[in-house]
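Structure first, commentary second.
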Amino acid sequence: MAFLLPSAGLVVAALLHFAHRVTSASFEDSGATSALFMLSLAIGALSVAVFLGVMLTYVATRLAELYRSPFAEPGQDRWPLRLIAVGVFVLPLMMFGQYFQWYAASDGFEICPESVSGNDVLGFSVTADYLPPSLTCSGDTVTGQEFSVTQYGFPFYGFLAGLVLAAAGLAVLIIVRVRPRRRKCAEV
């Protein structure tokens with residue numbers, strides 16, 4: 001049920017956005033179409049936030065159960081599970097960090113060049129990619145030359161660090177679990 005509600009919210013947001021596209025083609029820019037667009041954005045953003053919260057909660061509870069389960073034998077160090085938990089926790093945080101970085105840089109400051117090949121920039125837009133996190137400034141110059149510049153910031157490197165931590169924890173966990181089985185097979 002916790003996964004269905006944000007998914008239903010995303011479907012409603014997509015339908016409202018589609019309705020906004022259809023109505024804005026037939027009506028000039030009016031308050032009703034703008035309100036419909038803002039409502040679809042609000043529902044979509046809320047649904048994504050709830051979905052990420054549910055995913056984080058699900059992963060955290062599963063890791064906590066694994067931490068206390070018989071699978072995590074007493075006497076064995078549990079730091080591989082801690083590495084996995086930290087890595088998985090960092091990934092969505094870096095995606096949120098990417099959103100804030102995009103919001104702060106949407107005016108193009110420090111991302112978009114002022115000129116390309118000696119030609120002044122006429123217009124640009126800044127877009128955010130979330131997997132992996134990066135910002136892209138694309139636009140054209142006064143002569144019609146198109147350009148695109150990609151910047152990787154702190155969210156990108158934090159995302160990579162989270163992946164490395166989770167992968168290292170998983171690798172160590174597999175090695176720790178396979179080693180006792182080999183000993184038991186050798187003793188038999």
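Numbering starts fresh at 1 for the residues of each chain in the structure tokens, the chains themselves are lettered A, B, ... in the order given, and ligands are numbered from 1 as they appear.
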Do a neighbour search on Gly169 (chain A) at 7 Å with only C-alpha atoms, toss out local chain neighbours closer than 5 positions, and write the hits as a list in words. Pro80, Leu81, Leu83 and Ile84 of chain A
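DSSP secondary structure from the backbone places Ser115, Val116, Asn119, Asp120, Val121, Leu122, Gly123, Phe124, Ser125, Val126, Thr127, Ala128, Asp129, Tyr130, Pro133, Ser134, Leu135, Thr136, Cys137, Ser138, Gly139, Asp140 and Thr141 of chain A of region 84-142 of chain A in strand (DSSP E or B).
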Expected file contents, prior selection, all heavy atoms, as a short mmCIF file (atom, residue, chain, number, x, y, z; two decimals), in the first residue's frame:
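Wrote part.cif, looks like this:
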```cif
data_model
loop_
_atom_site.label_atom_id
_atom_site.label_comp_id
_atom_site.auth_asym_id
_atom_site.auth_seq_id
_atom_site.Cartn_x
_atom_site.Cartn_y
_atom_site.Cartn_z
N SER A 115 30.76 33.25 -23.48
CA SER A 115 30.97 33.22 -24.93
C SER A 115 31.50 31.86 -25.33
O SER A 115 32.15 31.17 -24.54
CB SER A 115 31.93 34.33 -25.36
OG SER A 115 33.21 34.10 -24.80
N VAL A 116 31.22 31.49 -26.57
CA VAL A 116 31.68 30.21 -27.12
C VAL A 116 32.38 30.54 -28.44
O VAL A 116 31.78 31.12 -29.34
CB VAL A 116 30.51 29.24 -27.36
CG1 VAL A 116 31.01 27.97 -28.02
CG2 VAL A 116 29.80 28.94 -26.06
N ASN A 119 32.00 34.04 -29.66
CA ASN A 119 30.64 34.53 -29.91
C ASN A 119 29.88 34.58 -28.59
O ASN A 119 29.94 33.65 -27.79
CB ASN A 119 29.90 33.63 -30.89
CG ASN A 119 30.57 33.58 -32.25
OD1 ASN A 119 31.01 34.60 -32.76
ND2 ASN A 119 30.66 32.39 -32.82
N ASP A 120 29.16 35.67 -28.37
CA ASP A 120 28.38 35.81 -27.14
C ASP A 120 27.23 34.81 -27.12
O ASP A 120 26.65 34.46 -28.14
CB ASP A 120 27.81 37.23 -27.03
CG ASP A 120 28.89 38.25 -26.75
OD1 ASP A 120 29.95 37.85 -26.22
OD2 ASP A 120 28.67 39.44 -27.05
N VAL A 121 26.90 34.37 -25.91
CA VAL A 121 25.80 33.43 -25.72
C VAL A 121 24.48 34.19 -25.80
O VAL A 121 24.30 35.21 -25.14
CB VAL A 121 25.93 32.70 -24.37
CG1 VAL A 121 24.70 31.88 -24.06
CG2 VAL A 121 27.17 31.83 -24.35
N LEU A 122 23.58 33.67 -26.64
CA LEU A 122 22.27 34.32 -26.82
C LEU A 122 21.27 33.82 -25.79
O LEU A 122 20.57 34.59 -25.15
CB LEU A 122 21.75 34.07 -28.24
CG LEU A 122 20.39 34.65 -28.57
CD1 LEU A 122 20.45 36.16 -28.51
CD2 LEU A 122 19.95 34.19 -29.95
N GLY A 123 21.17 32.55 -25.63
CA GLY A 123 20.23 31.95 -24.67
C GLY A 123 20.74 30.60 -24.20
O GLY A 123 21.53 29.95 -24.88
N PHE A 124 20.28 30.18 -23.04
CA PHE A 124 20.72 28.90 -22.49
C PHE A 124 19.66 28.36 -21.55
O PHE A 124 18.76 29.09 -21.13
CB PHE A 124 22.06 29.03 -21.75
CG PHE A 124 22.00 29.95 -20.57
CD1 PHE A 124 21.59 29.48 -19.33
CD2 PHE A 124 22.35 31.28 -20.69
CE1 PHE A 124 21.52 30.33 -18.24
CE2 PHE A 124 22.30 32.13 -19.62
CZ PHE A 124 21.89 31.65 -18.39
N SER A 125 19.80 27.07 -21.24
CA SER A 125 18.97 26.45 -20.21
C SER A 125 19.83 25.47 -19.44
O SER A 125 20.75 24.88 -19.99
CB SER A 125 17.76 25.73 -20.82
OG SER A 125 18.20 24.65 -21.62
N VAL A 126 19.54 25.33 -18.17
CA VAL A 126 20.29 24.42 -17.31
C VAL A 126 19.37 23.27 -16.94
O VAL A 126 18.27 23.48 -16.42
CB VAL A 126 20.78 25.14 -16.03
CG1 VAL A 126 21.51 24.18 -15.12
CG2 VAL A 126 21.67 26.31 -16.39
N THR A 127 19.80 22.05 -17.24
CA THR A 127 19.01 20.86 -16.91
C THR A 127 19.81 19.98 -15.95
O THR A 127 21.04 20.00 -15.97
CB THR A 127 18.65 20.06 -18.17
OG1 THR A 127 19.85 19.71 -18.87
CG2 THR A 127 17.74 20.85 -19.08
N ALA A 128 19.09 19.22 -15.17
CA ALA A 128 19.73 18.33 -14.19
C ALA A 128 19.49 16.88 -14.59
O ALA A 128 18.38 16.51 -14.97
CB ALA A 128 19.15 18.58 -12.80
N ASP A 129 20.53 16.09 -14.54
CA ASP A 129 20.43 14.64 -14.69
C ASP A 129 20.66 14.05 -13.31
O ASP A 129 21.53 14.49 -12.57
CB ASP A 129 21.48 14.12 -15.67
CG ASP A 129 21.24 14.62 -17.08
OD1 ASP A 129 20.07 14.69 -17.49
OD2 ASP A 129 22.23 14.94 -17.77
N TYR A 130 19.88 13.02 -12.98
CA TYR A 130 19.96 12.48 -11.63
C TYR A 130 20.71 11.16 -11.55
O TYR A 130 21.12 10.75 -10.47
CB TYR A 130 18.55 12.33 -11.05
CG TYR A 130 17.93 13.69 -10.81
CD1 TYR A 130 17.11 14.28 -11.74
CD2 TYR A 130 18.22 14.39 -9.65
CE1 TYR A 130 16.58 15.53 -11.53
CE2 TYR A 130 17.70 15.65 -9.43
CZ TYR A 130 16.87 16.22 -10.38
OH TYR A 130 16.36 17.47 -10.17
N PRO A 133 24.25 12.09 -11.09
CA PRO A 133 23.94 13.52 -10.92
C PRO A 133 24.93 14.42 -11.66
O PRO A 133 26.13 14.31 -11.49
CB PRO A 133 24.07 13.72 -9.40
CG PRO A 133 23.92 12.36 -8.81
CD PRO A 133 24.49 11.42 -9.81
N SER A 134 24.39 15.28 -12.51
CA SER A 134 25.20 16.27 -13.21
C SER A 134 24.29 17.39 -13.69
O SER A 134 23.07 17.23 -13.79
CB SER A 134 25.93 15.64 -14.40
OG SER A 134 25.00 15.17 -15.36
N LEU A 135 24.89 18.54 -13.99
CA LEU A 135 24.17 19.68 -14.55
C LEU A 135 24.67 19.92 -15.96
O LEU A 135 25.88 19.85 -16.21
CB LEU A 135 24.40 20.94 -13.71
CG LEU A 135 23.83 20.94 -12.30
CD1 LEU A 135 24.22 22.22 -11.58
CD2 LEU A 135 22.32 20.81 -12.34
N THR A 136 23.75 20.19 -16.89
CA THR A 136 24.11 20.46 -18.27
C THR A 136 23.56 21.81 -18.68
O THR A 136 22.36 22.06 -18.52
CB THR A 136 23.56 19.36 -19.20
OG1 THR A 136 24.07 18.10 -18.78
CG2 THR A 136 23.97 19.62 -20.64
N CYS A 137 24.42 22.65 -19.18
CA CYS A 137 24.01 23.94 -19.72
C CYS A 137 24.07 23.83 -21.23
O CYS A 137 25.11 23.52 -21.80
CB CYS A 137 24.94 25.05 -19.23
SG CYS A 137 24.57 26.66 -19.96
N SER A 138 22.95 24.04 -21.88
CA SER A 138 22.91 23.99 -23.34
C SER A 138 22.22 25.24 -23.86
O SER A 138 21.36 25.81 -23.20
CB SER A 138 22.18 22.73 -23.81
OG SER A 138 20.90 22.66 -23.24
N GLY A 139 22.61 25.67 -25.03
CA GLY A 139 22.04 26.86 -25.62
C GLY A 139 22.66 27.16 -26.96
O GLY A 139 23.25 26.28 -27.60
N ASP A 140 22.56 28.42 -27.39
CA ASP A 140 23.15 28.81 -28.66
C ASP A 140 23.73 30.22 -28.54
O ASP A 140 23.41 30.98 -27.64
CB ASP A 140 22.14 28.72 -29.80
CG ASP A 140 20.86 29.49 -29.51
OD1 ASP A 140 20.74 30.06 -28.40
OD2 ASP A 140 19.99 29.53 -30.38
N THR A 141 24.60 30.53 -29.49
CA THR A 141 25.25 31.83 -29.51
C THR A 141 24.50 32.77 -30.46
O THR A 141 23.54 32.35 -31.12
CB THR A 141 26.72 31.70 -29.97
OG1 THR A 141 26.74 31.20 -31.31
CG2 THR A 141 27.49 30.77 -29.06
#
```
Contact residues around Val12 (chain A) with only C-alpha atoms at 12 Å, ignoring same-chain residues under 2 positions, as a PyMOL selection string: chain A and resi 5-10+14-19+36+39-47
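Distance-wise, CA of Phe156 (chain A) and CA of Cys112 (chain A) end up 18.2 Å apart.
Using only C-alpha atoms, the smallest distance between any of A:Arg78, A:Leu131, A:Thr143, A:Ala85 and Thr57 (chain A) comes from A:Ala85.
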At a cut-off of 10 Å, using only C-alpha atoms, what residues contact Gly162 (chain A)? Leave out same-chain residues fewer than 6 positions from it and give the result as a VMD selection string. chain A and resid 83 to 94 156 168
